[in-house]
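**Student:** File run35.csv below, CSV, C-alpha atoms:
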```csv
chain,number,residue,atom,x,y,z
J,26,MET,CA,0.0,0.0,0.0
J,27,GLU,CA,1.4,3.3,-1.0
J,28,GLN,CA,2.0,5.8,1.8
J,29,LYS,CA,1.2,9.5,1.3
J,30,SER,CA,4.2,11.7,2.1
J,31,THR,CA,3.6,14.5,4.6
J,32,PRO,CA,4.6,17.9,3.0
J,33,VAL,CA,7.6,19.4,4.7
J,34,ARG,CA,7.3,23.1,5.4
J,35,GLY,CA,10.2,25.1,4.1
J,36,VAL,CA,12.3,27.3,6.3
J,37,THR,CA,11.1,30.4,4.4
J,38,GLU,CA,7.5,29.5,5.1
J,39,VAL,CA,8.1,29.0,8.8
J,40,GLN,CA,10.1,32.3,9.0
J,41,SER,CA,7.3,34.1,7.1
J,42,GLU,CA,4.7,32.8,9.5
J,43,GLY,CA,6.9,33.7,12.5
J,44,GLY,CA,7.3,37.2,11.1
J,45,ARG,CA,3.6,37.7,10.6
J,46,SER,CA,3.0,36.5,14.2
J,47,ALA,CA,5.6,39.0,15.5
J,48,ARG,CA,4.0,41.8,13.5
J,49,LYS,CA,0.6,41.0,14.8
J,50,ARG,CA,1.9,41.0,18.4
J,51,ARG,CA,3.6,44.4,17.9
J,52,ALA,CA,0.4,45.8,16.4
J,53,ILE,CA,-1.6,44.5,19.4
J,54,ILE,CA,0.8,46.1,21.8
J,55,GLU,CA,1.0,49.4,20.0
J,56,GLU,CA,-2.8,49.8,19.6
J,57,ALA,CA,-3.5,48.6,23.2
J,58,THR,CA,-0.9,51.1,24.5
J,59,ALA,CA,-2.7,53.9,22.6
J,60,LEU,CA,-6.1,52.8,24.0
J,61,PHE,CA,-4.9,52.4,27.6
J,62,LEU,CA,-3.3,55.8,27.5
J,63,ARG,CA,-6.5,57.4,26.0
J,64,ASN,CA,-9.2,55.5,27.9
J,65,GLY,CA,-7.5,54.0,30.9
J,66,TYR,CA,-7.5,50.4,32.0
J,67,GLN,CA,-11.2,50.1,32.7
J,68,GLY,CA,-12.2,52.0,29.5
J,69,THR,CA,-10.3,49.6,27.2
J,70,SER,CA,-11.7,46.3,25.9
J,71,MET,CA,-10.0,43.4,24.2
J,72,ASP,CA,-12.6,43.7,21.4
J,73,GLU,CA,-11.5,47.3,20.8
J,74,VAL,CA,-7.8,46.2,20.9
J,75,ALA,CA,-8.5,43.5,18.3
J,76,ALA,CA,-10.4,45.9,16.0
J,77,ARG,CA,-7.7,48.6,16.2
J,78,ALA,CA,-4.9,46.1,15.6
J,79,ALA,CA,-6.8,44.6,12.7
J,80,VAL,CA,-6.5,41.1,14.1
J,81,SER,CA,-9.1,38.6,15.4
J,82,LYS,CA,-10.0,38.5,19.0
J,83,GLN,CA,-8.7,34.9,19.0
J,84,THR,CA,-5.3,36.2,18.0
J,85,VAL,CA,-5.3,38.7,20.8
J,86,TYR,CA,-6.0,36.0,23.3
J,87,LYS,CA,-3.5,33.7,21.7
J,88,ASN,CA,-0.8,36.3,22.6
J,89,PHE,CA,-2.2,37.5,25.9
J,90,ALA,CA,-4.4,35.5,28.3
J,91,ASP,CA,-6.4,38.5,29.3
J,92,LYS,CA,-6.5,42.3,29.6
J,93,GLU,CA,-4.5,42.2,32.8
J,94,GLN,CA,-1.6,40.3,31.2
J,95,LEU,CA,-1.6,42.7,28.2
J,96,PHE,CA,-1.6,45.7,30.4
J,97,THR,CA,1.2,44.3,32.6
J,98,GLU,CA,3.4,43.4,29.7
J,99,ILE,CA,3.0,46.9,28.2
J,100,ILE,CA,3.9,48.7,31.4
J,101,ARG,CA,6.8,46.4,32.2
J,102,GLY,CA,8.2,46.7,28.7
J,103,VAL,CA,8.1,50.5,28.9
J,104,ALA,CA,9.8,50.4,32.3
J,105,ASP,CA,12.6,48.2,31.0
J,106,ARG,CA,13.2,50.5,28.0
J,107,SER,CA,13.3,53.4,30.4
J,108,GLU,CA,16.0,51.7,32.4
J,109,ASP,CA,18.1,51.2,29.3
J,110,VAL,CA,17.8,54.9,28.4
J,111,LEU,CA,18.8,55.9,31.9
J,112,ASP,CA,21.8,53.5,31.8
J,113,GLU,CA,22.9,55.3,28.6
J,114,LEU,CA,22.6,58.6,30.4
J,115,GLY,CA,25.0,57.3,33.1
J,116,VAL,CA,27.5,56.5,30.4
J,117,VAL,CA,27.3,60.0,29.0
J,118,LEU,CA,27.8,61.4,32.5
J,119,ARG,CA,30.9,59.4,33.1
J,120,ALA,CA,32.3,60.4,29.8
J,121,ALA,CA,31.9,64.1,30.6
J,122,ASP,CA,34.7,63.7,33.2
J,123,ALA,CA,34.3,66.9,35.1
J,124,LYS,CA,37.6,68.1,36.7
J,125,THR,CA,36.8,71.6,37.9
J,126,GLY,CA,34.0,73.3,39.6
J,127,ASP,CA,33.0,75.0,36.4
J,128,ASP,CA,33.1,71.7,34.6
J,129,LEU,CA,30.8,70.2,37.2
J,130,GLU,CA,28.3,73.1,36.9
J,131,ARG,CA,28.2,72.7,33.1
J,132,VAL,CA,27.8,68.9,33.3
J,133,LEU,CA,25.0,69.1,36.0
J,134,THR,CA,23.2,71.7,33.9
J,135,GLU,CA,23.4,69.6,30.8
J,136,LEU,CA,22.2,66.6,32.8
J,137,ALA,CA,19.2,68.6,34.2
J,138,VAL,CA,18.2,69.7,30.7
J,139,ARG,CA,18.4,66.1,29.4
J,140,TYR,CA,16.4,64.9,32.5
J,141,LEU,CA,13.7,67.4,31.9
J,142,SER,CA,13.5,66.6,28.2
J,143,ALA,CA,13.2,62.9,28.9
J,144,VAL,CA,10.6,63.0,31.7
J,145,LEU,CA,8.4,65.8,30.3
J,146,GLN,CA,7.8,64.0,27.0
J,147,PRO,CA,4.0,63.9,26.4
J,148,GLN,CA,4.0,60.1,26.1
J,149,VAL,CA,6.0,59.6,29.3
J,150,LEU,CA,3.7,61.9,31.2
J,151,ARG,CA,0.6,60.1,29.9
J,152,LEU,CA,2.1,56.8,30.9
J,153,ARG,CA,3.0,58.1,34.4
J,154,ARG,CA,-0.6,59.3,34.9
J,155,LEU,CA,-1.9,55.8,33.8
J,156,VAL,CA,0.5,54.0,36.2
J,157,ILE,CA,-0.5,56.2,39.1
J,158,ALA,CA,-4.2,55.9,38.3
J,159,GLU,CA,-4.0,52.1,38.3
J,160,ALA,CA,-1.5,51.8,41.3
J,161,ASP,CA,-4.3,50.5,43.6
J,162,ARG,CA,-5.3,47.8,41.1
J,163,PHE,CA,-1.7,46.9,40.1
J,164,PRO,CA,0.5,47.7,43.1
J,165,GLU,CA,3.3,45.4,42.1
J,166,LEU,CA,3.3,46.8,38.6
J,167,ALA,CA,3.4,50.3,39.9
J,168,ARG,CA,6.3,49.4,42.1
J,169,TYR,CA,8.1,47.8,39.2
J,170,TYR,CA,7.8,50.9,37.1
J,171,TYR,CA,8.9,53.1,40.0
J,172,GLU,CA,12.0,51.0,40.6
J,173,LYS,CA,13.0,50.9,36.9
J,174,ALA,CA,12.4,54.6,36.2
J,175,PRO,CA,12.5,57.2,39.0
J,176,VAL,CA,14.6,55.1,41.4
J,177,ARG,CA,17.0,54.0,38.7
J,178,ALA,CA,17.6,57.6,37.6
J,179,VAL,CA,18.4,58.6,41.2
J,180,GLN,CA,20.8,55.6,41.6
J,181,ILE,CA,22.7,56.6,38.5
J,182,LEU,CA,23.0,60.2,39.7
J,183,ALA,CA,24.0,59.2,43.2
J,184,ALA,CA,26.9,57.1,41.8
J,185,GLU,CA,28.1,60.1,39.9
J,186,LEU,CA,27.7,62.5,42.8
J,187,ARG,CA,29.7,60.1,44.9
J,188,ALA,CA,32.5,60.1,42.3
J,189,TYR,CA,32.5,63.9,42.2
J,190,ALA,CA,32.7,64.0,46.0
J,191,GLU,CA,35.7,61.7,45.9
J,192,ARG,CA,37.4,64.1,43.6
J,193,GLY,CA,36.8,66.9,46.0
J,194,LEU,CA,34.3,68.7,43.7
J,195,LEU,CA,31.4,68.3,46.0
J,196,GLN,CA,30.6,67.8,49.7
J,197,VAL,CA,28.1,65.0,49.8
J,198,ALA,CA,27.6,63.0,53.0
J,199,ASP,CA,24.7,61.0,51.6
J,200,PRO,CA,24.8,60.6,47.8
J,201,ALA,CA,21.4,59.0,47.6
J,202,LEU,CA,19.8,61.9,49.5
J,203,ALA,CA,21.7,64.4,47.5
J,204,ALA,CA,20.6,62.7,44.2
J,205,ASN,CA,17.0,62.8,45.3
J,206,THR,CA,17.3,66.5,46.2
J,207,PHE,CA,18.8,67.3,42.8
J,208,ALA,CA,16.0,65.3,41.0
J,209,TYR,CA,13.3,67.2,42.8
J,210,LEU,CA,15.0,70.6,42.3
J,211,VAL,CA,15.0,69.9,38.6
J,212,LEU,CA,11.6,68.2,38.2
J,213,ALA,CA,9.2,69.2,40.9
J,214,ILE,CA,7.7,72.4,39.4
J,215,PRO,CA,7.5,71.5,35.7
J,216,GLN,CA,6.5,67.9,36.3
J,217,ASP,CA,3.7,68.8,38.7
J,218,ARG,CA,2.4,71.4,36.3
J,219,ALA,CA,2.7,69.1,33.3
J,220,LEU,CA,0.9,66.2,35.0
J,221,PHE,CA,-2.1,68.4,35.9
J,222,HIS,CA,-2.1,70.4,32.6
J,223,PRO,CA,-2.1,67.9,29.7
J,224,GLY,CA,-0.9,69.5,26.5
J,225,GLU,CA,1.1,72.3,28.1
J,226,GLU,CA,4.7,71.5,27.2
J,227,PRO,CA,7.5,73.8,28.6
J,228,ARG,CA,9.6,75.4,25.9
J,229,ALA,CA,13.3,74.6,25.4
J,230,GLU,CA,14.4,77.9,26.9
J,231,GLU,CA,12.3,77.2,30.0
J,232,TYR,CA,14.2,73.8,30.4
J,233,GLU,CA,17.5,75.8,30.4
J,234,ARG,CA,16.2,78.3,33.0
J,235,ILE,CA,14.9,75.7,35.4
J,236,ALA,CA,18.1,73.6,35.0
J,237,LYS,CA,20.4,76.5,35.8
J,238,GLU,CA,18.4,77.5,38.9
J,239,ALA,CA,18.3,73.9,40.1
J,240,VAL,CA,22.0,73.5,39.7
J,241,ARG,CA,22.7,76.9,41.4
J,242,VAL,CA,20.7,75.9,44.5
J,243,PHE,CA,22.2,72.4,44.6
J,244,LEU,CA,25.8,73.6,44.3
J,245,ALA,CA,25.1,76.3,46.9
J,246,ALA,CA,24.5,73.5,49.4
J,247,HIS,CA,27.1,70.9,48.2
J,248,ARG,CA,29.9,72.7,46.4
```
When written as structure tokens, how does the structure in this file appear?
**Tutor:**
Amino acid sequence: MEQKSTPVRGVTEVQSEGGRSARKRRAIIEEATALFLRNGYQGTSMDEVAARAAVSKQTVYKNFADKEQLFTEIIRGVADRSEDVLDELGVVLRAADAKTGDDLERVLTELAVRYLSAVLQPQVLRLRRLVIAEADRFPELARYYYEKAPVRAVQILAAELRAYAERGLLQVADPALAANTFAYLVLAIPQDRALFHPGEEPRAEEYERIAKEAVRVFLAAHR
């Protein structure tokens, strides 16, 4: 009796299918992110995510068991990317290699401007509002974001302030506390305003003015 041979799928066919699956997953994440940011967690449905991503509802559930898993993966992914960006900022800081008080003032001012530019991006602000709004529902996720973004930024800054103190450029008894002080001097006013006034973005010259004043006050205490 003649046996029928089972068709062997080619490598190209498998790769193509894998590529389509990856594209669909990216589309789901992108559209879900936009919906969560616009409508919040409660106001977003998996049906709407599927429609916006142009995939079937079955495809959405094949990639994500439920809305909670989808939301969690999105926030964790953003937090992980934030940590990568902050680590790169640490590399830039170390490369600056301040040797004098004037160097230090310049480096800290540049850092403050970069910090403001990164944190006050509209997408970042919307995400922060979303995480805060859902912190009671997802406390562990909110903690994860906090550790990967605000806390990581302070840790990187604290390491650099410690290095400057060891060179004699600063007087810093507690680098972590000093780093938190610096971060709040830079961010407190513009971030509070931006969080409560969506759409109002500070101008570049305002970044510079805030950065210079924050550094002046910080150095007055720690130079």
**Student:** Just the residues within 9 Å of region 206-222 of chain J, please, counting all atoms listed in the file, with nothing from its chain fewer than 6 positions along; format it as number ranges by chain.
**Tutor:** J: 137-138, 140-141, 144-145, 147, 150-151, 153-154, 178-179, 182, 232, 235-240, 242-243
**Student:** Looking at only C-alpha atoms, which of J:Glu231, J:Glu55, J:Glu98, J:Asp112 is the one that sits closest to Ala174 (chain J)?
**Tutor:**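 Closest candidate: J:Asp112.
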**Student:** Could you list, as a list in words, every residue within 12 Å of Ala188 (chain J), counting only C-alpha atoms and ignoring same-chain residues fewer than 3 positions away?
**Tutor:**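 Counting only C-alpha atoms, the residues come to Leu118, Arg119, Asp122, Ala123, Lys124, Leu129, Ile181, Leu182, Ala183, Ala184, Glu185, Glu191, Arg192, Gly193, Leu194, Leu195, Gln196, Val197 and Pro200 of chain J.
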**Student:** What's the separation between CA of Leu186 (chain J) and CA of Val103 (chain J), in Å to one decimal place?
**Tutor:**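 Atom-to-atom, CA of Leu186 (chain J) and CA of Val103 (chain J) are spaced 26.9 Å apart.
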**Student:** To one decimal place, how far is CA of Asp109 (chain J) from CA of Gln146 (chain J) in Å?
**Tutor:**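 Between these atoms lies a distance of 16.6 Å.
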**Student:** Just the number, please: distance in Å from CA of Asp128 (chain J) to CA of Ser107 (chain J), one decimal.
**Tutor:**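 Answer for the CA of Asp128 (chain J) to CA of Ser107 (chain J) separation: 27.3 Å.
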**Student:** Given the choices J:Ala79, J:Leu133, J:Val156, J:Ile53, which gets closest to Ala204 (chain J) if the distance is worked out from only C-alpha atoms?
**Tutor:**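 That would be J:Leu133, the residue with the smallest distance to Ala204 (chain J).
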**Student:** From the options J:Gly44, J:Gly102, J:Gly115, J:Gly68, which residue's atoms come nearest to Tyr169 (chain J), counting all atoms listed in the file?
**Tutor:**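 For Tyr169 (chain J), the nearest of the given residues is J:Gly102.
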**Student:** Because the input lacks atoms here, generate N, CA and C atoms for region 83-119 of chain J and report them as a tab-separated table (two decimals), in the frame of the given file.
**Tutor:**
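Listed below is the output, rebuild-v2.tsv:
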```
chain	number	residue	atom	x	y	z
J	83	GLN	N	-9.39	36.16	18.70
J	83	GLN	CA	-8.70	34.90	19.00
J	83	GLN	C	-7.17	35.14	18.99
J	84	THR	N	-6.71	35.94	18.04
J	84	THR	CA	-5.30	36.20	18.00
J	84	THR	C	-4.80	37.01	19.18
J	85	VAL	N	-5.62	37.95	19.64
J	85	VAL	CA	-5.30	38.70	20.80
J	85	VAL	C	-5.11	37.79	22.02
J	86	TYR	N	-6.08	36.89	22.20
J	86	TYR	CA	-6.00	36.00	23.30
J	86	TYR	C	-4.97	34.89	23.18
J	87	LYS	N	-4.57	34.63	21.95
J	87	LYS	CA	-3.50	33.70	21.70
J	87	LYS	C	-2.16	34.27	22.24
J	88	ASN	N	-2.02	35.60	22.13
J	88	ASN	CA	-0.80	36.30	22.60
J	88	ASN	C	-0.86	36.68	24.05
J	89	PHE	N	-2.06	37.02	24.52
J	89	PHE	CA	-2.20	37.50	25.90
J	89	PHE	C	-3.46	36.87	26.50
J	90	ALA	N	-3.29	36.22	27.64
J	90	ALA	CA	-4.40	35.50	28.30
J	90	ALA	C	-5.59	36.33	28.57
J	91	ASP	N	-5.33	37.58	28.99
J	91	ASP	CA	-6.40	38.50	29.30
J	91	ASP	C	-5.92	39.91	29.32
J	92	LYS	N	-6.81	40.84	29.60
J	92	LYS	CA	-6.50	42.30	29.60
J	92	LYS	C	-5.40	42.60	30.60
J	93	GLU	N	-5.48	41.97	31.74
J	93	GLU	CA	-4.50	42.20	32.80
J	93	GLU	C	-3.09	41.86	32.35
J	94	GLN	N	-2.94	40.72	31.68
J	94	GLN	CA	-1.60	40.30	31.20
J	94	GLN	C	-1.11	41.28	30.13
J	95	LEU	N	-1.99	41.71	29.25
J	95	LEU	CA	-1.60	42.70	28.20
J	95	LEU	C	-1.15	43.97	28.81
J	96	PHE	N	-1.92	44.49	29.75
J	96	PHE	CA	-1.60	45.70	30.40
J	96	PHE	C	-0.23	45.62	31.14
J	97	THR	N	-0.07	44.51	31.85
J	97	THR	CA	1.20	44.30	32.60
J	97	THR	C	2.37	44.24	31.70
J	98	GLU	N	2.26	43.53	30.59
J	98	GLU	CA	3.40	43.40	29.70
J	98	GLU	C	3.77	44.76	29.07
J	99	ILE	N	2.78	45.56	28.76
J	99	ILE	CA	3.00	46.90	28.20
J	99	ILE	C	3.79	47.76	29.18
J	100	ILE	N	3.31	47.84	30.41
J	100	ILE	CA	3.90	48.70	31.40
J	100	ILE	C	5.35	48.21	31.74
J	101	ARG	N	5.51	46.90	31.90
J	101	ARG	CA	6.80	46.40	32.20
J	101	ARG	C	7.81	46.61	31.04
J	102	GLY	N	7.31	46.50	29.82
J	102	GLY	CA	8.20	46.70	28.70
J	102	GLY	C	8.64	48.19	28.61
J	103	VAL	N	7.73	49.12	28.87
J	103	VAL	CA	8.10	50.50	28.90
J	103	VAL	C	9.11	50.80	30.00
J	104	ALA	N	8.88	50.22	31.17
J	104	ALA	CA	9.80	50.40	32.30
J	104	ALA	C	11.17	49.88	31.98
J	105	ASP	N	11.26	48.73	31.33
J	105	ASP	CA	12.60	48.20	31.00
J	105	ASP	C	13.29	49.03	29.97
J	106	ARG	N	12.56	49.60	29.01
J	106	ARG	CA	13.20	50.50	28.00
J	106	ARG	C	13.66	51.77	28.70
J	107	SER	N	12.91	52.25	29.68
J	107	SER	CA	13.30	53.40	30.40
J	107	SER	C	14.63	53.21	31.14
J	108	GLU	N	14.78	52.03	31.72
J	108	GLU	CA	16.00	51.70	32.40
J	108	GLU	C	17.20	51.70	31.46
J	109	ASP	N	17.00	51.19	30.26
J	109	ASP	CA	18.10	51.20	29.30
J	109	ASP	C	18.50	52.59	28.91
J	110	VAL	N	17.52	53.48	28.73
J	110	VAL	CA	17.80	54.90	28.40
J	110	VAL	C	18.59	55.55	29.53
J	111	LEU	N	18.18	55.28	30.75
J	111	LEU	CA	18.80	55.90	31.90
J	111	LEU	C	20.28	55.36	32.05
J	112	ASP	N	20.48	54.09	31.77
J	112	ASP	CA	21.80	53.50	31.80
J	112	ASP	C	22.73	54.23	30.80
J	113	GLU	N	22.19	54.53	29.62
J	113	GLU	CA	22.90	55.30	28.60
J	113	GLU	C	23.29	56.66	29.09
J	114	LEU	N	22.37	57.27	29.82
J	114	LEU	CA	22.60	58.60	30.40
J	114	LEU	C	23.79	58.54	31.37
J	115	GLY	N	23.88	57.46	32.14
J	115	GLY	CA	25.00	57.30	33.10
J	115	GLY	C	26.31	57.21	32.32
J	116	VAL	N	26.32	56.55	31.18
J	116	VAL	CA	27.50	56.50	30.40
J	116	VAL	C	27.95	57.86	29.90
J	117	VAL	N	26.97	58.67	29.47
J	117	VAL	CA	27.30	60.00	29.00
J	117	VAL	C	27.84	60.86	30.18
J	118	LEU	N	27.27	60.70	31.37
J	118	LEU	CA	27.80	61.40	32.50
J	118	LEU	C	29.21	61.08	32.85
J	119	ARG	N	29.51	59.80	32.83
J	119	ARG	CA	30.90	59.40	33.10
J	119	ARG	C	31.87	59.84	32.08
```
